[in-house]
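> Following this message is one structure expressed as structure tokens.
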Amino acid sequence: MKVAIPVFPGSNCDEDLYHALWDILQITADLLPVTVTNLSQYDAVILPGGFSYGDYLRSGAIARFTPIMAAVKDFASTGKPVVGICNGFQILTEAGLLPGALRANQSSRFICQNSELQVTNNQTIFSTAYQPQEHIKLPIAHGEGNYYCDLTTLAELRAQKQIVFEYVDNPNGSVGNIAGIVNRRGNVLGMMPHPERAVEVLLGGTDGLGVFTSLLANNQREDVHA
Amino acid sequence: MYLAKVYVTYKNSILDPKGEAINDALHRLAYQNVESVTLGKYFELKVKAGQQPIADQVDEMCDRLLANVNMESYRYEITELED
Amino acid sequence: MYLAKVYVTYKNSILDPKGEAINDALHRLAYQNVESVTLGKYFELKVKAGQQPIADQVDEMCDRLLANVNMESYRYEITELED
Amino acid sequence: MLKNTQLTPEALRDTQAYRELGLSADEYHLITDQVLKRLPNYTEIGLFSGMWSEHCSYKNSKPVLKKFWTEGEQVLAGPGEGAGIIDIGDGQAVVFKAESHNHPSAVEPYEGAATGVGGIIRDIFSMGAKPVALLDSLRFGEPQDTQTTYLISQVVAGIGGYGNCIGIPTIGGDMAFDACYQKNPLVNAMCVGLLEHQDMQKGQATGVGNAIIYVGAKTGRDGINGASFASAEFNDAKATQRSAVQVGDPFMEKLLMDACLEVIHDHRDILVGIQDMGAAGLVSSSAEMASKAGSGMKLNLDLVPQREKEMTAFELMLSESQERMLLCVKDGAEKEVHAVFKKYGLDSVVIGEVTPGHQYQLFHHGVLEADVPVDALATQAPVYQREARRPQRLDEQVQTQFEPELANVSATLKQLLQQPTIASKRSLFETYDSQVQTNTVVQPGSDAGVIRIRQTDKALAMTTDVNGRYLYLNPRMGGEMAVAEAARNIVASGGQPLGITDCLNFGNPEKPEQFYDLDEAAQGISRACQRLNTPVISGNVSLNNESNGEAIYPTPMIGMVGLIKHLRDVTTQDFKQASDAVYVLGTTAADFNGSELQKMLTGQVSGELFDFDLTAEAENQRILLQAIQAGLVASAHDVSEGGLITTIAESCFGRGIGVNLTSQLPAVQFFAETQSRFVVSVSMANKDAFEALIKNQGTYLGMTTATDQIWVQTADQFFDVPVSEAKELWEGALPCLLKQRA
Ligand SMILES: Nc1ncnc2c1ncn2[C@@H]1O[C@H](COP(=O)(O)OP(=O)(O)O)[C@@H](O)[C@H]1O
Ligand SMILES: [Mg+2]
């Protein structure tokens with residue numbers, strides 16, 4: 001599997017992700033500037049966390065207009081997997097690849113802590129490595145992670161089993177305790193918690209590995225790209 | 001040259017945590033008669049006349065970039081500036 | 001009940017990195033005719049009549065909390081609301 | 001100000017307008033009679049005012065700083081460069097420095113704190129190092145009135161706002177509250193970087209004809225003459241201080257940092273020198289680069305990227321706009337540098353060149369605006385040996401120890417745990433991203449923050465500490481204690497202390513009593529540094545921390561970094577499991593003067609400071625480190641504010657583990673703040689080996705338990721507190737005071 005990591009000006013978790021993929025999971029990955037317009041040689045795209053363009057307007061709002069995001073849209077439309085972590089999730093909602101939006105945390109403060117999650121749907125290509133309803137711990141670090149969508153959308157997310165991760169103790173006010181969702185087709189995941197920060201015992205836990213190992217396992221399955 | 005003043009606020013149904021925090025702070029400062037506070041964004045854009053009508057263009061900029069219409073609404077006023 | 005609309009913007013020589021980032025973004029979106037963007041704050045306060053004249057009170061709130069007069073200036077408009 | 005710029009040299013002399021810029025009449029005459037032998041124009045006098053300010057020249061503190069112990073074979077660069085450098089083996093080095101942003105933060109707390117962080121980061125990457133961690137040391141008034149709580153939340157938000165955005169983890173710091181900081185909050189930031197020896201940079205401009213390149217943000221009128229502002233005493237008349245407010249742009253700084261590090265790594269052969277533009281902006285960076293290299297320099301100010309129209313030479317040279325750097329690049333290689341910065345979307349412009357001789361020449365609109373000897377600016381500021389006079393407060397204080405009487409020990413403990421200085425800071429440091437870069441082994445909440453060094457088995461431990469109350473009672477001994485406490489935090493985390501940086505936060509040095517405090521504290525610091533083998537490698541001086549004539553406690557913040565040789569040695573303060581043996585290393589006495597307990601019970605600190613023995617300190621540290629390295633220690637936590645019982649309680653809180661302890665001490669001594677102690681837990685398997693190692697330097701207290709209780713049988717009474725209840729009080733106190741919403 002070969003992963004593309006778009007690096008937006010202001011991204012700051014790109015190298016963390018790169019290390020997690022290469023050093024811990026031995027997955028091939030490339031850091032790509034926003035000028036890249038062709039992603040056809042990749043099997044997956046993961047948008048990293050950080051503060052693209054400073055997040056000076058709304059998080060993710062400016063990054064969405066970069067050339068590489070047009071390529072990511074095309075890539076997603078072919079059914080290949082796209083993941084957005086933290087700022088990556090924010091960019092995916094701004095770009096319309098995922099429903100809803102991310103507002104300032106309820107406390108209106110940035111929060112960095114370990115948060116307990118429930119794997120609500122372990123049947124997505126990003127979560128098969130987890131047990132049904134498994135409780136895992138992943139770090140969160142965001143100021144605008146308060147997921148918002150209207151009630152109709154929430155009902156739809158639930159009906160279509162698009163909610164992948166839910167917070168156990170909602171730390172930011174997210175609607176429906178939502179920490180991570182997929183699109184209807186199931187090939188685009190956005191999540192506020194940082195799986196790439198939870199891949200080593202030394203740094204406090206390995207519960208994040210599942211996101212990447214799921215991706216890896218399902219990449220080898222022929223049927224997912226069908 | 002035009003001056004566009006753009007106001008972006010959360011839609012009504014959406015909770016505004018920053019506004020509430022400011023509301024609380026005002027109460028602590030003994031402004032008990034403040035009932036509610038909402039916090040929005042206020043842009044001032046200086047725009048040169050282009051091919052498109054200026055209002056259309058500002059509207060488009062709001063829609064595409066300055067506001068996230070999933071949760072925010074916007075309004076604007078345009079005045080012409082002396083050069 | 002009164003509605004106070006408060007506009008807080010940076011004073012002239014203060015750097016506005018957010019405004020500049022948005023300006024750049026608009027240029028990349030091909031709105032080349034945008035000359036400058038500044039980003040400020042826009043508050044809407046609902047305030048009940050108190051002992052102090054309402055304008056004095058709003059002015060005081062701006063001065064003490066809503067703006068930092070060392071780098072920001074503010075202006076406001078007050079309208080009376082039907083209860 | 002604009003009006004003044006039209007002053008002729010003669011009018012400048014006659015009106016003494018130079019005083020407004022912070023130059024004394026004597027300094028002015030030194031310039032006219034000895035340095036220039038003519039009357040300077042307004043721009044030139046501006047250059048001197050910036051460069052001869054305390055902030056740039058250390059004219060008041062130099063004689064004090066000279067007393068610092070700065071040696072040690074591991075030191076690769078000591079004070080003098082942008083930041084100090086210490087060798088850590090394997091061709092690597094650690095770079096660190098601290099910076100104060102007290103005055104700007106008092107005027108505009110969010111941006112003041114944020115730009116403080118931004119500034120110290122530039123100091124680190126300008127040395128060629130990759131910034132890997134931030135720390136912050138904060139002092140505020142009592143968090144009781146809205147103004148103070150607002151200040152606290154804004155300062156913390158500003159620190160987080162910058163560090164989080166740029167992507168450098170904030171992994172430690174310290175925070176204390178006393179009324180003396182009410183109008184003079186202290187906001188000190190420290191940055192730590194990792195350096196490959198081959199990347200080491202100097203801020204120098206050598207080689208006639210080499211290009212001087214300006215990179216980063218455009219210059220505006222922000223912070224003009226901030227250096228002399230920062231060096232002036234504070235009063236309530238705010239209007240004059242407005243020009244000092246700057247807004248930080250962490251997004252720009254991230255691009256700038258990445259671009260500069262790329263030039264340093266990949267274009268080594270063409271880069272001659274690099275320096276950040278900090279205090280006194282363009283003049284200080286350029287004049288220092290030239291002077292250090294023994295060169296002259298000529299700049300064309302028309303080429304300086306400008307954010308505002310019609311800026312004068314004075315304004316361009318003294319602006320403290322943030323996020324700017326100055327490079328000296330080999331003649332002919334300018335394009336190569338421009339290409340790198342262009343990739344990041346940044347301005348990079350040749351604004352001048354290195355010249356033969358030693359003159360510093362500025363051209364603006366085709367006019368030679370300034371022509372002065374560069375060394376006069378950079379190195380020839382007058383140095384003042386200020387008068388020191390022992391303050392009365394030290395002679396008037398009682399010589400006996402405060403003797404607290406406790407009616408109810410567990411109630412006292414609960415109350416103590418809620419004192420703002422003791423209470424958990426989690427709700428505040430939780431707003432800092434402490435994990436970005438994925439190297440953080442120990443996050444805030446233990447004695448020191450720990451960062452691993454990739455591709456090695458090593459890690460760095462870091463901390464900031466100082467207890468201003470101790471210095472208020474005895475500046476020299478308090479200075480020693482500050483260093484000792486920092487070292488204890490490093491050792492308790494499994495590290496060997498390497499060296500320190502400092503921020504000397506003091507009052508007005510022209511007052512002999514304040515200067516005495518500064519001088520004494522520096523001597524104490526130096527002595528402890530020598531004894532603990534932690535040279536001073538960098539630092540910063542912030543004087544005039546007074547408002548309306550009232551000075552803060554003498555508060556020399558100590559930032560220390562240590563090396564953990566093997567990752568297995570990383571130790572935290574939490575008790576790990578039930579049935580471990582608990583010890584206190586070091587001896588306990590009835591030391592209450594200056595203690596948190598004294599302040600809580602009497603509302604103030606007073607009396608002569610208790611004894612402190614640096615030899616015992618060093619010995620206890622040595623033994624603990626040896627025990628950790630031998631793999632005998634499950635947890636270690638140094639004893640500081642709040643004494644033994646506070647330390648024990650904090651060790652219980654991490655994992656909700658109880659203790660059952662018995663001691664020969666009277667209950668009240670569990671609150672004493674005797675120095676040089678650690679609380680250590682050891683598994684049963686290691687008990688004998690640990691006791692053999694510590695001999696009689698420590699005392700067995702009892703065991704950790706699986707209950708939710710802290711049980712203590714003292715010489716005179718038994719007391720107990722539920723761990724969960726105590727923890728809730730300790731964690732809830734600050735959010736409640738600061739009225740934070742969940
Ligand atoms: N301003 C701050 N920023 C980051 N971390 C902080 C801050 N203040 C306190 N902490 C963290 O809280 C913990 C306790 O701090 P402190 O009581 O000062 O410890 P100690 O007494 O061991 O020096 C430490 O891990 C410290 O890093
Ligand atoms: Mg400690």
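By convention in this document, the chains of the structure tokens carry letters A, B, ... by their order, each chain's residues are numbered from 1, and ligands are numbered from 1 in the order they are shown.
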Counting only C-alpha atoms and all ligand atoms, name the residues that have an atom within 6 Å of an atom of ligand 2; the answer should be given as a list in words.

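Selection of residues at most 6 Å from ligand 2: Asp447, Asn489, His637 and Asp638 of chain D.
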
> Write the selection just made, keeping N, CA, C and O atoms, as a compact mmCIF listing (two decimals), in the first residue's frame?


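So out_8.txt came out as:
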# COMPACT_ATOMS: atom_id res chain seq x y z
N ASP D 447 7.11 15.64 37.38
CA ASP D 447 8.10 16.64 37.77
C ASP D 447 8.72 17.37 36.58
O ASP D 447 8.84 18.58 36.59
N ASN D 489 13.75 18.16 40.04
CA ASN D 489 12.73 17.73 39.09
C ASN D 489 13.32 16.91 37.95
O ASN D 489 12.72 15.95 37.48
N HIS D 637 9.24 11.67 43.25
CA HIS D 637 8.60 12.99 43.17
C HIS D 637 9.33 13.87 44.17
O HIS D 637 9.49 13.51 45.33
N ASP D 638 9.81 15.03 43.71
CA ASP D 638 10.53 15.89 44.63
C ASP D 638 9.54 16.64 45.53
O ASP D 638 8.41 16.89 45.15

> Could you please tell me, as a list in words, which residues of chain C have an atom within 6 Å of chain B when using only C-alpha atoms?

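Listing them in order of chain and number gives Asn33, Val34, Glu35, Ser36, Val37, Thr38, Leu39, Gly40, Lys41, Tyr42, Phe43, Glu44, Leu45, Lys46, Val47 and Lys48 of chain C.
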
> Please, could you write that set of residues out with C-alpha atoms as an mmCIF file, in the first residue's frame?


data_model
loop_
_atom_site.group_PDB
_atom_site.id
_atom_site.type_symbol
_atom_site.label_atom_id
_atom_site.label_comp_id
_atom_site.auth_asym_id
_atom_site.auth_seq_id
_atom_site.Cartn_x
_atom_site.Cartn_y
_atom_site.Cartn_z
ATOM 1 C CA ASN C 33 -9.634 42.782 -7.522
ATOM 2 C CA VAL C 34 -9.766 42.439 -3.747
ATOM 3 C CA GLU C 35 -7.334 45.034 -2.424
ATOM 4 C CA SER C 36 -7.357 44.289 1.273
ATOM 5 C CA VAL C 37 -9.217 42.350 3.913
ATOM 6 C CA THR C 38 -9.405 43.011 7.607
ATOM 7 C CA LEU C 39 -11.019 40.668 10.056
ATOM 8 C CA GLY C 40 -12.672 42.011 13.164
ATOM 9 C CA LYS C 41 -15.212 40.911 15.704
ATOM 10 C CA TYR C 42 -18.904 41.536 15.605
ATOM 11 C CA PHE C 43 -20.944 41.271 18.792
ATOM 12 C CA GLU C 44 -24.660 41.424 19.252
ATOM 13 C CA LEU C 45 -25.678 42.108 22.829
ATOM 14 C CA LYS C 46 -29.170 42.103 24.156
ATOM 15 C CA VAL C 47 -29.288 44.419 27.121
ATOM 16 C CA LYS C 48 -32.121 45.323 29.468
#

> Would you kindly return, as a PDB file with N, CA and C atoms, in the first residue's frame, each protein, DNA or RNA residue with an atom no farther than 10 Å from any atom of segment 152-161 of chain A, considering only C-alpha atoms and excluding same-chain residues fewer than 6 positions away?


ATOM      1  N   PRO A  99     -20.316  15.255   5.573  1.00  0.00           N
ATOM      2  CA  PRO A  99     -21.366  16.183   6.007  1.00  0.00           C
ATOM      3  C   PRO A  99     -21.000  16.880   7.312  1.00  0.00           C
ATOM      4  N   GLY A 100     -21.657  17.998   7.588  1.00  0.00           N
ATOM      5  CA  GLY A 100     -21.496  18.675   8.875  1.00  0.00           C
ATOM      6  C   GLY A 100     -20.360  19.671   8.878  1.00  0.00           C
ATOM      7  N   THR A 120     -18.056   2.548  17.213  1.00  0.00           N
ATOM      8  CA  THR A 120     -19.483   2.331  17.004  1.00  0.00           C
ATOM      9  C   THR A 120     -19.737   1.455  15.783  1.00  0.00           C
ATOM     10  N   ASN A 121     -18.909   1.603  14.783  1.00  0.00           N
ATOM     11  CA  ASN A 121     -19.032   0.757  13.595  1.00  0.00           C
ATOM     12  C   ASN A 121     -17.664   0.185  13.252  1.00  0.00           C
ATOM     13  N   ASN A 122     -17.501  -1.105  13.453  1.00  0.00           N
ATOM     14  CA  ASN A 122     -16.206  -1.719  13.125  1.00  0.00           C
ATOM     15  C   ASN A 122     -16.260  -2.407  11.777  1.00  0.00           C
ATOM     16  N   GLN A 123     -17.269  -2.070  10.989  1.00  0.00           N
ATOM     17  CA  GLN A 123     -17.409  -2.703   9.674  1.00  0.00           C
ATOM     18  C   GLN A 123     -16.966  -1.783   8.539  1.00  0.00           C
ATOM     19  N   THR A 124     -16.304  -0.665   8.841  1.00  0.00           N
ATOM     20  CA  THR A 124     -15.798   0.176   7.760  1.00  0.00           C
ATOM     21  C   THR A 124     -14.388  -0.276   7.409  1.00  0.00           C
ATOM     22  N   VAL A 175     -22.249  17.054  18.541  1.00  0.00           N
ATOM     23  CA  VAL A 175     -23.575  16.469  18.335  1.00  0.00           C
ATOM     24  C   VAL A 175     -23.437  14.946  18.316  1.00  0.00           C
ATOM     25  N   GLY A 176     -24.280  14.256  19.067  1.00  0.00           N
ATOM     26  CA  GLY A 176     -24.286  12.802  19.038  1.00  0.00           C
ATOM     27  C   GLY A 176     -22.981  12.186  19.512  1.00  0.00           C
ATOM     28  N   ILE A 178     -20.162  12.581  18.452  1.00  0.00           N
ATOM     29  CA  ILE A 178     -19.442  12.106  17.267  1.00  0.00           C
ATOM     30  C   ILE A 178     -17.963  12.496  17.293  1.00  0.00           C
ATOM     31  N   ILE A 181     -16.599  10.045  11.502  1.00  0.00           N
ATOM     32  CA  ILE A 181     -17.660   9.545  10.612  1.00  0.00           C
ATOM     33  C   ILE A 181     -17.086   9.156   9.254  1.00  0.00           C
ATOM     34  N   VAL A 182     -17.856   8.337   8.527  1.00  0.00           N
ATOM     35  CA  VAL A 182     -17.519   8.091   7.121  1.00  0.00           C
ATOM     36  C   VAL A 182     -18.619   8.673   6.242  1.00  0.00           C
ATOM     37  N   ASN A 183     -18.301   8.819   4.971  1.00  0.00           N
ATOM     38  CA  ASN A 183     -19.324   9.262   4.032  1.00  0.00           C
ATOM     39  C   ASN A 183     -20.257   8.097   3.738  1.00  0.00           C
ATOM     40  N   ARG A 184     -21.266   8.362   3.015  1.00  0.00           N
ATOM     41  CA  ARG A 184     -22.273   7.345   2.717  1.00  0.00           C
ATOM     42  C   ARG A 184     -21.649   6.116   2.059  1.00  0.00           C
ATOM     43  N   ARG A 185     -20.729   6.362   1.157  1.00  0.00           N
ATOM     44  CA  ARG A 185     -20.109   5.267   0.409  1.00  0.00           C
ATOM     45  C   ARG A 185     -19.130   4.463   1.275  1.00  0.00           C
ATOM     46  N   GLY A 186     -18.681   5.093   2.352  1.00  0.00           N
ATOM     47  CA  GLY A 186     -17.828   4.366   3.287  1.00  0.00           C
ATOM     48  C   GLY A 186     -16.346   4.447   2.965  1.00  0.00           C
TER      49      GLY A 186
END

> Which chains and residue numbers are within 6 Å of ligand 1, counting only C-alpha atoms and all ligand atoms, if I want them as a ChimeraX atom specification?

/D:136-138,171-175,425,429,444-448,465,489,640

> Using the selection just defined, write its residues with N, CA, C and O atoms as a PDB file, in the first residue's frame.


ATOM      1  N   ASP D 136       6.603  27.064  29.908  1.00  0.00           N
ATOM      2  CA  ASP D 136       6.209  28.416  30.268  1.00  0.00           C
ATOM      3  C   ASP D 136       6.168  28.557  31.780  1.00  0.00           C
ATOM      4  O   ASP D 136       5.708  27.677  32.488  1.00  0.00           O
ATOM      5  N   SER D 137       6.692  29.666  32.247  1.00  0.00           N
ATOM      6  CA  SER D 137       6.738  29.941  33.680  1.00  0.00           C
ATOM      7  C   SER D 137       5.938  31.210  33.926  1.00  0.00           C
ATOM      8  O   SER D 137       6.261  32.259  33.377  1.00  0.00           O
ATOM      9  N   LEU D 138       4.894  31.102  34.739  1.00  0.00           N
ATOM     10  CA  LEU D 138       3.950  32.208  34.874  1.00  0.00           C
ATOM     11  C   LEU D 138       3.751  32.596  36.330  1.00  0.00           C
ATOM     12  O   LEU D 138       3.737  31.753  37.224  1.00  0.00           O
ATOM     13  N   ILE D 171       5.460  21.211  27.013  1.00  0.00           N
ATOM     14  CA  ILE D 171       5.452  20.020  27.870  1.00  0.00           C
ATOM     15  C   ILE D 171       5.735  20.313  29.331  1.00  0.00           C
ATOM     16  O   ILE D 171       5.888  19.378  30.117  1.00  0.00           O
ATOM     17  N   GLY D 172       5.802  21.562  29.705  1.00  0.00           N
ATOM     18  CA  GLY D 172       6.020  21.810  31.131  1.00  0.00           C
ATOM     19  C   GLY D 172       6.048  23.285  31.425  1.00  0.00           C
ATOM     20  O   GLY D 172       5.900  24.136  30.535  1.00  0.00           O
ATOM     21  N   GLY D 173       6.249  23.573  32.689  1.00  0.00           N
ATOM     22  CA  GLY D 173       6.288  24.952  33.113  1.00  0.00           C
ATOM     23  C   GLY D 173       5.952  25.021  34.585  1.00  0.00           C
ATOM     24  O   GLY D 173       5.919  24.002  35.272  1.00  0.00           O
ATOM     25  N   ASP D 174       5.698  26.196  35.076  1.00  0.00           N
ATOM     26  CA  ASP D 174       5.237  26.321  36.451  1.00  0.00           C
ATOM     27  C   ASP D 174       4.432  27.597  36.580  1.00  0.00           C
ATOM     28  O   ASP D 174       4.490  28.473  35.709  1.00  0.00           O
ATOM     29  N   MET D 175       3.664  27.657  37.630  1.00  0.00           N
ATOM     30  CA  MET D 175       2.688  28.721  37.757  1.00  0.00           C
ATOM     31  C   MET D 175       2.459  28.966  39.240  1.00  0.00           C
ATOM     32  O   MET D 175       2.252  28.017  39.983  1.00  0.00           O
ATOM     33  N   LYS D 425      -2.733  22.264  37.869  1.00  0.00           N
ATOM     34  CA  LYS D 425      -2.780  23.212  36.753  1.00  0.00           C
ATOM     35  C   LYS D 425      -3.309  22.532  35.494  1.00  0.00           C
ATOM     36  O   LYS D 425      -3.228  23.082  34.406  1.00  0.00           O
ATOM     37  N   PHE D 429      -2.815  23.618  31.558  1.00  0.00           N
ATOM     38  CA  PHE D 429      -1.834  23.058  30.607  1.00  0.00           C
ATOM     39  C   PHE D 429      -2.484  22.088  29.623  1.00  0.00           C
ATOM     40  O   PHE D 429      -1.898  21.762  28.599  1.00  0.00           O
ATOM     41  N   PRO D 444       2.954  17.115  30.656  1.00  0.00           N
ATOM     42  CA  PRO D 444       2.856  17.915  31.876  1.00  0.00           C
ATOM     43  C   PRO D 444       2.061  17.161  32.930  1.00  0.00           C
ATOM     44  O   PRO D 444       1.161  16.404  32.606  1.00  0.00           O
ATOM     45  N   GLY D 445       2.405  17.378  34.180  1.00  0.00           N
ATOM     46  CA  GLY D 445       1.706  16.696  35.263  1.00  0.00           C
ATOM     47  C   GLY D 445       2.648  15.877  36.121  1.00  0.00           C
ATOM     48  O   GLY D 445       2.270  15.398  37.189  1.00  0.00           O
ATOM     49  N   SER D 446       3.885  15.689  35.668  1.00  0.00           N
ATOM     50  CA  SER D 446       4.875  15.033  36.510  1.00  0.00           C
ATOM     51  C   SER D 446       5.975  16.053  36.786  1.00  0.00           C
ATOM     52  O   SER D 446       5.832  17.230  36.464  1.00  0.00           O
ATOM     53  N   ASP D 447       7.109  15.638  37.377  1.00  0.00           N
ATOM     54  CA  ASP D 447       8.099  16.643  37.772  1.00  0.00           C
ATOM     55  C   ASP D 447       8.718  17.368  36.583  1.00  0.00           C
ATOM     56  O   ASP D 447       8.839  18.584  36.585  1.00  0.00           O
ATOM     57  N   ALA D 448       9.130  16.608  35.577  1.00  0.00           N
ATOM     58  CA  ALA D 448       9.705  17.241  34.387  1.00  0.00           C
ATOM     59  C   ALA D 448       9.002  16.683  33.156  1.00  0.00           C
ATOM     60  O   ALA D 448       8.490  15.571  33.173  1.00  0.00           O
ATOM     61  N   ASP D 465      11.483  26.365  37.234  1.00  0.00           N
ATOM     62  CA  ASP D 465      11.177  26.507  38.654  1.00  0.00           C
ATOM     63  C   ASP D 465      11.745  27.787  39.231  1.00  0.00           C
ATOM     64  O   ASP D 465      12.771  28.278  38.772  1.00  0.00           O
ATOM     65  N   ASN D 489      13.750  18.160  40.043  1.00  0.00           N
ATOM     66  CA  ASN D 489      12.726  17.730  39.089  1.00  0.00           C
ATOM     67  C   ASN D 489      13.325  16.907  37.948  1.00  0.00           C
ATOM     68  O   ASN D 489      12.724  15.949  37.480  1.00  0.00           O
ATOM     69  N   SER D 640       8.294  19.903  47.187  1.00  0.00           N
ATOM     70  CA  SER D 640       8.451  21.359  47.052  1.00  0.00           C
ATOM     71  C   SER D 640       7.318  22.039  47.804  1.00  0.00           C
ATOM     72  O   SER D 640       7.027  21.653  48.941  1.00  0.00           O
TER      73      SER D 640
END

> Using only C-alpha atoms, which protein or nucleic acid residues come within 6 Å of segment 218-221 of chain D? Drop anything in the same chain fewer than 5 positions from it, and give the result as an NGL selection string.

(:C and (13)) or (:D and (305-308 or 319 or 321))

> Can you list, as a VMD selection string, every protein, DNA or RNA residue that comes within 10 Å of Asn70 of chain B when you count only C-alpha atoms, leaving out same-chain residues fewer than 3 positions away?

(chain A and resid 93 to 94 99 to 101 148 to 150) or (chain B and resid 10 to 11 67 73)

> Identify which of the residues C:Asp16, C:Glu82, C:Glu72, C:Asp56 lies closest to chain A, counting only C-alpha atoms when measuring atom-to-atom distances.

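Among the listed residues, the smallest separation from chain A belongs to C:Asp16.
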
> From a backbone DSSP assignment, name each residue in segment 16-219 of chain A labelled strand (DSSP E), as a VMD selection string.

chain A and resid 28 to 33 44 to 47 82 to 85 101 to 103 111 to 119 135 to 142 146 to 148 163 to 167 178 to 182 188 to 191

> Between chain A and chain B, at 12 Å or less, what are the per-residue closest atom pairs and their distances in Å? Count only C-alpha atoms, order by chain and rising residue number, and return it as a tab-separated table.


residue	atom	partner	partner_atom	distance
A:Tyr56	CA	B:Leu66	CA	11.0
A:Leu57	CA	B:Leu66	CA	7.4
A:Arg58	CA	B:Asn68	CA	8.4
A:Ser59	CA	B:Asn68	CA	10.6
A:Gly60	CA	B:Leu65	CA	10.5
A:Ala61	CA	B:Leu65	CA	6.7
A:Ile62	CA	B:Leu65	CA	7.3
A:Ala63	CA	B:Leu65	CA	10.5
A:Arg64	CA	B:Leu65	CA	9.5
A:Phe65	CA	B:Leu65	CA	9.1
A:Gln90	CA	B:Asn68	CA	11.7
A:Ile91	CA	B:Asn68	CA	11.9
A:Thr93	CA	B:Asn70	CA	9.8
A:Glu94	CA	B:Asn68	CA	7.6
A:Ala95	CA	B:Arg64	CA	10.2
A:Gly96	CA	B:Asn70	CA	10.1
A:Leu98	CA	B:Asn70	CA	11.8
A:Pro99	CA	B:Asn70	CA	9.0
A:Gly100	CA	B:Asn70	CA	6.8
A:Ala101	CA	B:Asn70	CA	6.9
A:Leu102	CA	B:Met71	CA	9.3
A:Arg103	CA	B:Met71	CA	8.8
A:Ala104	CA	B:Pro17	CA	7.4
A:Asn105	CA	B:Pro17	CA	7.5
A:Gln106	CA	B:Pro17	CA	5.3
A:Ser107	CA	B:Pro17	CA	6.6
A:Ser108	CA	B:Lys18	CA	5.8
A:Arg109	CA	B:Lys18	CA	9.2
A:Gly143	CA	B:Lys18	CA	11.8
A:Glu144	CA	B:Pro17	CA	11.2
A:Asn146	CA	B:Pro17	CA	10.4
A:Tyr147	CA	B:Met71	CA	10.9
A:Tyr148	CA	B:Met71	CA	8.0
A:Cys149	CA	B:Asn70	CA	7.9
A:Asp150	CA	B:Asn70	CA	8.8
A:Leu151	CA	B:Ser13	CA	11.0
A:Thr153	CA	B:Asn70	CA	11.3
A:Asn172	CA	B:Pro17	CA	10.5
A:Gly173	CA	B:Pro17	CA	9.7
A:Ser174	CA	B:Leu15	CA	11.2
A:Val175	CA	B:Ile14	CA	10.9

> What residues in chain A have any atom no more than 8 Å from chain D when counting only C-alpha atoms, and can you write them as a list in words?

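That gives Pro9, Gly10, Asn12, Cys13, Glu15, Asp16, Gly50, Phe51, Tyr53, Gly54, Gln106, Ser107, Arg109, Phe110, Ile111, Cys112, Gln113, Ala141, Arg197, Leu202, Leu203 and Gly204 of chain A for chain A.
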
> Within chain C, find each residue whose DSSP state, derived from the backbone, is alpha helix (DSSP H), and express the selection as a VMD selection string.

chain C and resid 17 to 28 54 to 61

> As a list in words, please: the residues near Asp580 of chain D (cut-off 6 Å, only C-alpha atoms, same-chain neighbours under 4 positions excluded).

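Using only C-alpha atoms, the neighbours found are Val682, Ser683, Met684, Met703 and Thr704 of chain D.
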
> Quick one: distance from atom CA of Met1 of chain A to atom CA of Ile46 of chain A in Å, one decimal?

12.5 Å

> Determine the nearest neighbour of chain B from the options D:Ser579, D:Gln713, D:Thr699, D:Thr149, counting only C-alpha atoms.

D:Thr149

> What does the distance between atom CA of Lys73 of chain A and atom CA of His19 of chain A come to in Å, to one decimal place?

25.2 Å

> What does the distance between atom CA of Tyr360 of chain D and atom CA of Leu39 of chain D come to in Å, to one decimal place?

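About the pair atom CA of Tyr360 of chain D and atom CA of Leu39 of chain D: they are 16.4 Å apart.
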
> Using only C-alpha atoms, which protein or nucleic acid residues come within 9 Å of Gly631 of chain D? Drop anything in the same chain fewer than 5 positions from it, and give the result as a PyMOL selection string.

chain D and resi 568-569+626+686
